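**Student:** Sharing entry_29.cif below, mmCIF, C-alpha atoms:
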data_structure
#
loop_
_atom_site.label_atom_id
_atom_site.label_comp_id
_atom_site.auth_asym_id
_atom_site.auth_seq_id
_atom_site.Cartn_x
_atom_site.Cartn_y
_atom_site.Cartn_z
CA MET S 1192 41.04 147.41 66.94
CA ILE S 1193 41.57 148.85 63.44
CA ASN S 1194 38.89 149.20 60.80
CA GLY S 1195 38.99 147.45 57.46
CA ASP S 1196 40.36 150.39 55.46
CA GLU S 1197 43.15 151.03 57.94
CA GLY S 1198 44.02 147.34 57.99
CA SER S 1199 44.18 147.20 54.18
CA ASP S 1200 46.39 150.30 54.09
CA ARG S 1201 48.77 148.85 56.65
CA GLN S 1202 49.05 145.47 54.97
CA GLN S 1203 49.79 147.24 51.66
CA GLN S 1204 52.43 149.38 53.36
CA GLN S 1205 54.01 146.24 54.79
CA ALA S 1206 54.06 144.57 51.37
CA ASN S 1207 55.56 147.71 49.85
CA ALA S 1208 58.25 147.75 52.52
CA TYR S 1209 59.31 144.22 51.60
CA ASP S 1210 59.12 145.07 47.89
CA SER S 1211 61.56 147.92 48.51
CA PHE S 1212 64.33 145.71 49.89
CA ALA S 1213 63.48 142.26 48.58
CA ASP S 1214 66.97 141.54 47.24
CA ALA S 1215 68.66 142.63 50.47
CA TYR S 1216 66.19 140.61 52.53
CA ALA S 1217 66.78 137.50 50.42
CA ALA S 1218 70.54 137.80 50.83
CA GLU S 1219 70.22 138.28 54.58
CA THR S 1220 67.87 135.35 55.09
CA ASP S 1221 70.05 133.11 52.95
CA GLU S 1222 73.25 133.92 54.85
CA GLY S 1223 72.51 135.73 58.11
CA LEU S 1224 72.60 134.24 61.59
CA VAL S 1225 68.99 134.81 62.64
CA ASN S 1226 67.42 133.10 59.63
CA ALA S 1227 69.99 130.70 58.20
CA TYR S 1228 71.42 129.43 61.50
CA TYR S 1229 68.60 129.99 63.97
CA GLU S 1230 65.02 130.21 62.69
CA ARG S 1231 65.12 128.01 59.61
CA PRO S 1232 67.03 125.07 61.15
CA GLU S 1233 64.54 124.91 64.02
CA MET S 1234 61.57 125.05 61.68
CA LEU S 1235 63.03 122.22 59.62
CA ARG S 1236 63.64 120.21 62.77
CA LEU S 1237 60.05 120.70 63.90
CA VAL S 1238 58.48 119.77 60.57
CA GLY S 1239 60.59 116.59 60.35
CA ASP S 1240 60.19 114.16 57.46
CA VAL S 1241 58.15 115.95 54.81
CA SER S 1242 58.37 113.44 51.97
CA GLY S 1243 54.99 113.31 50.23
CA ARG S 1244 53.39 115.92 52.49
CA ARG S 1245 51.36 118.85 51.18
CA ILE S 1246 52.70 122.02 52.80
CA LEU S 1247 51.49 125.62 52.68
CA ASP S 1248 54.29 128.10 53.35
CA ALA S 1249 52.20 131.06 54.49
CA GLY S 1250 54.38 134.13 54.08
CA CYS S 1251 57.05 132.37 52.05
CA GLY S 1252 59.12 135.49 51.37
CA SER S 1253 61.96 134.86 48.94
CA GLY S 1254 61.38 131.11 49.14
CA ALA S 1255 64.39 129.76 51.04
CA LEU S 1256 62.30 127.54 53.32
CA SER S 1257 59.91 126.53 50.53
CA ALA S 1258 62.80 125.44 48.34
CA GLU S 1259 64.36 123.39 51.12
CA LEU S 1260 61.08 121.66 51.92
CA SER S 1261 60.56 120.91 48.24
CA SER S 1262 64.07 119.43 47.98
CA ARG S 1263 63.15 117.10 50.85
CA GLY S 1264 60.17 115.69 48.97
CA ALA S 1265 57.26 117.92 50.02
CA SER S 1266 54.66 119.32 47.66
CA VAL S 1267 54.92 123.01 48.58
CA THR S 1268 52.57 125.90 47.93
CA GLY S 1269 53.86 129.34 48.87
CA ILE S 1270 51.93 132.55 49.38
CA ASP S 1271 53.15 136.06 50.12
CA SER S 1272 51.76 139.60 49.93
CA SER S 1273 54.95 140.98 48.36
CA SER S 1274 55.16 140.58 44.59
CA GLN S 1275 58.91 141.18 44.62
CA MET S 1276 59.43 138.45 47.18
CA LEU S 1277 57.41 136.05 45.06
CA GLN S 1278 59.48 136.94 42.02
CA LEU S 1279 62.62 135.96 43.93
CA ALA S 1280 60.95 132.78 45.13
CA ARG S 1281 60.04 131.88 41.55
CA SER S 1282 63.63 132.46 40.45
CA ARG S 1283 64.76 130.10 43.19
CA ALA S 1284 62.12 127.39 42.76
CA GLY S 1285 61.41 127.51 39.04
CA ASP S 1286 58.03 126.55 37.65
CA GLU S 1287 57.60 123.42 39.76
CA MET S 1288 56.29 125.18 42.85
CA ASP S 1289 52.83 126.75 43.22
CA LEU S 1290 53.49 130.36 44.29
CA ARG S 1291 50.65 132.84 44.69
CA LEU S 1292 50.19 136.47 45.65
CA ALA S 1293 47.93 136.37 48.72
CA ASP S 1294 47.66 137.91 52.18
CA ILE S 1295 47.17 135.84 55.31
CA ARG S 1296 44.76 138.47 56.65
CA GLU S 1297 42.32 137.50 53.91
CA PRO S 1298 40.47 134.22 53.21
CA LEU S 1299 42.96 131.72 51.82
CA PRO S 1300 42.43 130.70 48.17
CA PHE S 1301 42.36 126.96 48.90
CA ASP S 1302 39.74 124.27 49.52
CA ASP S 1303 39.10 122.77 52.93
CA HIS S 1304 41.62 120.14 54.07
CA SER S 1305 44.08 120.96 51.27
CA PHE S 1306 47.28 120.63 53.31
CA ASP S 1307 49.05 118.35 55.77
CA ASP S 1308 51.05 121.22 57.26
CA VAL S 1309 50.91 125.01 57.33
CA ILE S 1310 54.13 126.81 58.12
CA ALA S 1311 53.93 130.44 59.27
CA SER S 1312 57.53 131.52 59.56
CA LEU S 1313 57.89 134.92 61.26
CA VAL S 1314 54.59 136.29 59.95
CA LEU S 1315 51.95 136.15 62.70
CA HIS S 1316 53.60 138.93 64.68
CA TYR S 1317 52.61 141.35 61.91
CA LEU S 1318 48.95 140.84 62.83
CA GLU S 1319 46.95 142.56 65.55
CA ASP S 1320 44.10 140.07 65.26
CA TRP S 1321 45.10 136.42 64.84
CA ALA S 1322 41.59 134.93 64.91
CA PRO S 1323 40.61 135.17 61.21
CA THR S 1324 44.03 133.96 60.06
CA LEU S 1325 44.18 131.02 62.46
CA THR S 1326 40.62 130.03 61.52
CA GLU S 1327 41.56 129.98 57.84
CA MET S 1328 44.73 128.01 58.51
CA ARG S 1329 42.74 125.43 60.41
CA ARG S 1330 40.19 125.24 57.61
CA VAL S 1331 42.76 124.37 54.93
CA LEU S 1332 44.42 121.73 57.13
CA ARG S 1333 43.27 118.12 57.13
CA PRO S 1334 42.31 116.48 60.44
CA GLY S 1335 45.60 115.73 62.17
CA GLY S 1336 47.34 118.46 60.16
CA ARG S 1337 49.85 120.76 61.82
CA LEU S 1338 50.46 124.48 62.07
CA LEU S 1339 54.08 125.33 62.82
CA ALA S 1340 54.69 129.00 63.54
CA SER S 1341 57.61 131.14 64.65
CA ILE S 1342 57.07 134.59 66.15
CA ASP S 1343 58.95 137.22 68.09
CA HIS S 1344 59.39 135.86 71.59
CA PRO S 1345 57.13 137.58 74.16
CA ILE S 1346 60.20 138.96 75.95
CA VAL S 1347 61.95 140.21 72.81
CA ALA S 1348 60.80 143.79 73.41
CA TYR S 1349 62.63 143.74 76.71
CA ALA S 1350 65.73 142.23 75.16
CA ALA S 1351 65.72 144.87 72.42
CA GLY S 1352 65.20 147.69 74.90
CA THR S 1353 61.82 148.64 73.44
CA PRO S 1354 59.47 149.88 76.19
CA ARG S 1355 56.48 147.65 76.82
CA PRO S 1356 54.03 149.39 79.13
CA ASP S 1357 51.88 146.33 79.84
CA TYR S 1358 53.07 142.76 79.28
CA PHE S 1359 49.52 141.41 79.55
CA ALA S 1360 48.15 143.62 76.76
CA THR S 1361 48.47 143.06 73.01
CA THR S 1362 50.45 146.09 71.86
CA SER S 1363 52.41 147.17 68.82
CA TYR S 1364 55.82 148.67 68.31
CA GLU S 1365 57.44 150.30 65.30
CA PHE S 1366 61.04 150.50 64.19
CA ASP S 1367 63.20 151.27 61.18
CA TRP S 1368 64.76 148.10 59.84
CA GLU S 1369 68.16 148.71 58.23
CA LEU S 1370 69.23 145.83 56.05
CA ARG S 1371 72.33 145.90 53.87
CA GLY S 1372 72.03 149.58 53.10
CA HIS S 1373 68.22 149.63 52.81
CA ARG S 1374 65.79 151.00 55.38
CA ALA S 1375 62.09 150.31 55.84
CA SER S 1376 59.59 151.13 58.57
CA MET S 1377 58.11 148.04 60.22
CA LYS S 1378 55.28 147.50 62.69
CA LEU S 1379 54.96 144.35 64.78
CA TRP S 1380 52.50 143.18 67.43
CA ARG S 1381 53.41 141.49 70.69
CA ARG S 1382 51.14 139.51 72.97
CA PRO S 1383 51.68 137.61 76.22
CA LEU S 1384 52.31 133.88 76.20
CA HIS S 1385 48.90 132.97 77.61
CA SER S 1386 47.23 134.95 74.81
CA ILE S 1387 49.24 133.10 72.18
CA LEU S 1388 48.10 129.76 73.58
CA ASP S 1389 44.50 130.89 74.11
CA GLU S 1390 44.15 132.13 70.55
CA THR S 1391 45.38 128.90 68.98
CA THR S 1392 43.07 126.89 71.21
CA LEU S 1393 40.05 129.08 70.40
CA ALA S 1394 40.77 128.56 66.70
CA GLY S 1395 40.36 124.82 67.23
CA PHE S 1396 43.98 123.68 67.47
CA ARG S 1397 45.53 121.37 70.04
CA LEU S 1398 48.91 122.36 71.45
CA VAL S 1399 51.71 119.94 70.62
CA GLY S 1400 54.68 121.90 71.87
CA LEU S 1401 56.67 125.11 72.31
CA SER S 1402 60.37 125.52 71.65
CA GLU S 1403 63.01 128.16 72.34
CA PRO S 1404 66.05 127.06 70.33
CA GLU S 1405 69.65 128.13 70.44
CA PRO S 1406 71.52 128.93 67.21
CA ALA S 1407 73.19 126.14 65.26
CA VAL S 1408 76.64 125.37 66.63
CA GLU S 1409 78.36 126.08 63.30
CA ALA S 1410 77.36 129.73 63.70
CA ARG S 1411 79.68 130.13 66.70
CA ASP S 1412 82.73 130.92 64.59
CA LEU S 1413 80.83 132.82 61.90
CA PHE S 1414 78.99 135.20 64.27
CA PRO S 1415 80.81 135.01 67.62
CA ASP S 1416 79.22 138.05 69.32
CA GLU S 1417 75.67 137.49 68.08
CA PHE S 1418 75.99 133.78 68.81
CA VAL S 1419 76.54 134.50 72.49
CA ARG S 1420 73.54 136.82 72.61
CA LEU S 1421 71.20 134.30 70.95
CA SER S 1422 72.53 131.52 73.14
CA THR S 1423 71.62 133.38 76.32
CA SER S 1424 68.44 135.29 75.38
CA PRO S 1425 65.68 133.92 73.11
CA CYS S 1426 64.71 135.82 69.99
CA PHE S 1427 61.83 133.70 68.64
CA LEU S 1428 59.20 131.39 70.06
CA PHE S 1429 58.15 128.34 68.03
CA ILE S 1430 54.61 126.97 68.33
CA SER S 1431 53.48 123.53 67.20
CA VAL S 1432 49.74 122.86 67.12
CA GLU S 1433 47.53 120.39 65.29
CA VAL S 1434 43.94 119.93 64.16
CA PRO S 1435 42.30 117.23 66.30
CA ARG S 1436 41.49 114.06 64.39
#
Output the file's structure in the form of structure tokens.

**Tutor:**
Amino acid sequence: MINGDEGSDRQQQQANAYDSFADAYAAETDEGLVNAYYERPEMLRLVGDVSGRRILDAGCGSGALSAELSSRGASVTGIDSSSQMLQLARSRAGDEMDLRLADIREPLPFDDHSFDDVIASLVLHYLEDWAPTLTEMRRVLRPGGRLLASIDHPIVAYAAGTPRPDYFATTSYEFDWELRGHRASMKLWRRPLHSILDETTLAGFRLVGLSEPEPAVEARDLFPDEFVRLSTSPCFLFISVEVPR
């Protein structure tokens, strides 16, 4: 485990990394295969009809998902630890959306039972310890509320060729992410499937479902080579859990 000072330093480094390539990241997530035709469509399918629902987008990034949920009738609050990402999200959403600088490793700045849904899109795999974050997410959800999360699939390290000495251990890996001419060092954590399920259960959630989607069919002609890869080897795992009524 890491101590508090080390954890704070690392979360600041992560925020700084996203600050450094916020514009490139926004362009990639708006147009690229993995986000625009793979992750985001599945998240929207899982959340379903959001009209009138109060949704926390935890780790909202540049706001693409938040904006889409808002356009479908949800009341969306977005939080992110990157100020540059939030600036882009504000440019996209205008003044109608509640966007706040906050880190999911810290207590969330909301009252109990404030939301119908919490969406954690590709953020939990940045955390070594899920327990405090999941506990806070459960706290701000109403009874019957849902947490919908996407993370790196437990086998993604194998698919990417990154050595994983022990599948059953929670371990980290680091890499340089090159994105439209920008490079940043990233650190992600991987855990086995049973640990993912155990941690959500210990936080007080009830499992609703898991999904391993394929990319949207319209991506076949746009990204032919990557489409085949994502259609035969999963990249992300989607988790749907709820607070018992």

**Student:** Pull out every residue that the PyMOL selection byres ((chain S and resi 1240-1251) around 6) matches in the shown coordinates and put them as a list in words.

**Tutor:**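 So the PyMOL selection byres ((chain S and resi 1240-1251) around 6) ends up selecting Gly1239, Gly1252, Gly1254, Gly1264, Ala1265, Ser1266, Val1267, Thr1268, Gly1269, Ile1270, Asp1271, Phe1306, Asp1307, Asp1308, Val1309, Ile1310 and Ala1311 of chain S.
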
**Student:** If you apply the PyMOL selection byres ((chain S and resi 1317) around 12) to this file, what residues do you get, as a count of residues only?

**Tutor:** 35

**Student:** Counting all atoms listed in the file, which residues in region 1226-1301 of chain S sit no more than 12 Å from region 1412-1419 of chain S? For each one, give the nearest pair of atoms and the distance in Å, sorted by chain then residue number, as JSON lines.

**Tutor:**
{"residue": "S:Ala1227", "atom": "CA", "partner": "S:Leu1413", "partner_atom": "CA", "distance": 11.6}
{"residue": "S:Tyr1228", "atom": "CA", "partner": "S:Phe1418", "partner_atom": "CA", "distance": 9.7}
{"residue": "S:Tyr1229", "atom": "CA", "partner": "S:Phe1418", "partner_atom": "CA", "distance": 9.6}

**Student:** Would you kindly translate the PyMOL selection byres ((chain S and resi 1273-1279) around 6) into the concrete residues it picks from this file, as a list in words?

**Tutor:**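 Checking the PyMOL selection byres ((chain S and resi 1273-1279) around 6) against this file, the residues are Ala1206, Asp1210, Ala1213, Gly1252, Ser1253, Asp1271, Ser1272, Ala1280, Arg1281 and Ser1282 of chain S.
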
**Student:** With C-alpha atoms retained, export the selected residues as a PDB file, in the frame of the given file.

**Tutor:**
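As a result, selection31.pdb now contains:
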ATOM      1  CA  ALA S1206      54.060 144.570  51.370  1.00  0.00           C
ATOM      2  CA  ASP S1210      59.120 145.070  47.890  1.00  0.00           C
ATOM      3  CA  ALA S1213      63.480 142.260  48.580  1.00  0.00           C
ATOM      4  CA  GLY S1252      59.120 135.490  51.370  1.00  0.00           C
ATOM      5  CA  SER S1253      61.960 134.860  48.940  1.00  0.00           C
ATOM      6  CA  ASP S1271      53.150 136.060  50.120  1.00  0.00           C
ATOM      7  CA  SER S1272      51.760 139.600  49.930  1.00  0.00           C
ATOM      8  CA  ALA S1280      60.950 132.780  45.130  1.00  0.00           C
ATOM      9  CA  ARG S1281      60.040 131.880  41.550  1.00  0.00           C
ATOM     10  CA  SER S1282      63.630 132.460  40.450  1.00  0.00           C
TER      11      SER S1282
END

**Student:** In Å, how far is it from CA of Pro1425 (chain S) to CA of Glu1230 (chain S)?

**Tutor:**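 Taking CA of Pro1425 (chain S) and CA of Glu1230 (chain S), their separation equals 11.1 Å.
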
**Student:** With 5 Å added on each side, what axis-aligned box encloses every listed atom of region 1279-1286 of chain S? Give the centre and edge lengths in Å to one decimal, as JSON.

**Tutor:**
{"center_x": 61.4, "center_y": 131.3, "center_z": 41.4, "size_x": 16.7, "size_y": 19.4, "size_z": 17.5}

**Student:** Could you please fill out region 1407-1424 of chain S with N, CA, C and O atoms and send it back as a short mmCIF file (atom, residue, chain, number, x, y, z; two decimals), in the coordinates of the input?

**Tutor:**
data_model
loop_
_atom_site.label_atom_id
_atom_site.label_comp_id
_atom_site.auth_asym_id
_atom_site.auth_seq_id
_atom_site.Cartn_x
_atom_site.Cartn_y
_atom_site.Cartn_z
N ALA S 1407 72.42 127.31 65.66
CA ALA S 1407 73.19 126.14 65.26
C ALA S 1407 74.65 126.34 65.65
O ALA S 1407 75.20 127.44 65.54
N VAL S 1408 75.29 125.26 66.09
CA VAL S 1408 76.64 125.37 66.63
C VAL S 1408 77.63 125.89 65.61
O VAL S 1408 78.62 126.54 65.95
N GLU S 1409 77.41 125.62 64.32
CA GLU S 1409 78.36 126.08 63.30
C GLU S 1409 78.37 127.59 63.16
O GLU S 1409 79.29 128.16 62.54
N ALA S 1410 77.39 128.27 63.76
CA ALA S 1410 77.36 129.73 63.70
C ALA S 1410 78.31 130.37 64.72
O ALA S 1410 78.57 131.57 64.64
N ARG S 1411 78.84 129.58 65.64
CA ARG S 1411 79.68 130.13 66.70
C ARG S 1411 80.88 130.88 66.13
O ARG S 1411 81.23 131.98 66.58
N ASP S 1412 81.55 130.29 65.16
CA ASP S 1412 82.73 130.92 64.59
C ASP S 1412 82.38 131.99 63.56
O ASP S 1412 83.16 132.92 63.33
N LEU S 1413 81.23 131.86 62.93
CA LEU S 1413 80.83 132.82 61.90
C LEU S 1413 80.32 134.13 62.50
O LEU S 1413 80.55 135.21 61.94
N PHE S 1414 79.61 134.03 63.62
CA PHE S 1414 78.99 135.20 64.27
C PHE S 1414 79.24 135.13 65.77
O PHE S 1414 78.31 134.93 66.55
N PRO S 1415 80.49 135.28 66.21
CA PRO S 1415 80.81 135.01 67.62
C PRO S 1415 80.03 135.88 68.62
O PRO S 1415 79.53 135.36 69.62
N ASP S 1416 79.90 137.17 68.37
CA ASP S 1416 79.22 138.05 69.32
C ASP S 1416 77.71 137.79 69.35
O ASP S 1416 77.10 137.65 70.41
N GLU S 1417 77.11 137.74 68.16
CA GLU S 1417 75.67 137.49 68.08
C GLU S 1417 75.32 136.09 68.56
O GLU S 1417 74.24 135.87 69.12
N PHE S 1418 76.23 135.15 68.36
CA PHE S 1418 75.99 133.78 68.81
C PHE S 1418 75.81 133.74 70.33
O PHE S 1418 74.89 133.08 70.84
N VAL S 1419 76.65 134.46 71.04
CA VAL S 1419 76.54 134.50 72.49
C VAL S 1419 75.21 135.10 72.91
O VAL S 1419 74.53 134.60 73.82
N ARG S 1420 74.81 136.16 72.25
CA ARG S 1420 73.54 136.82 72.61
C ARG S 1420 72.36 135.87 72.40
O ARG S 1420 71.49 135.73 73.27
N LEU S 1421 72.32 135.20 71.23
CA LEU S 1421 71.20 134.30 70.95
C LEU S 1421 71.25 133.03 71.78
O LEU S 1421 70.24 132.35 71.93
N SER S 1422 72.41 132.71 72.30
CA SER S 1422 72.53 131.52 73.14
C SER S 1422 72.14 131.78 74.58
O SER S 1422 71.99 130.84 75.37
N THR S 1423 71.95 133.04 74.94
CA THR S 1423 71.62 133.38 76.32
C THR S 1423 70.29 134.12 76.45
O THR S 1423 69.79 134.30 77.57
N SER S 1424 69.72 134.57 75.33
CA SER S 1424 68.44 135.29 75.38
C SER S 1424 67.64 134.92 74.13
O SER S 1424 68.12 135.13 73.01
#
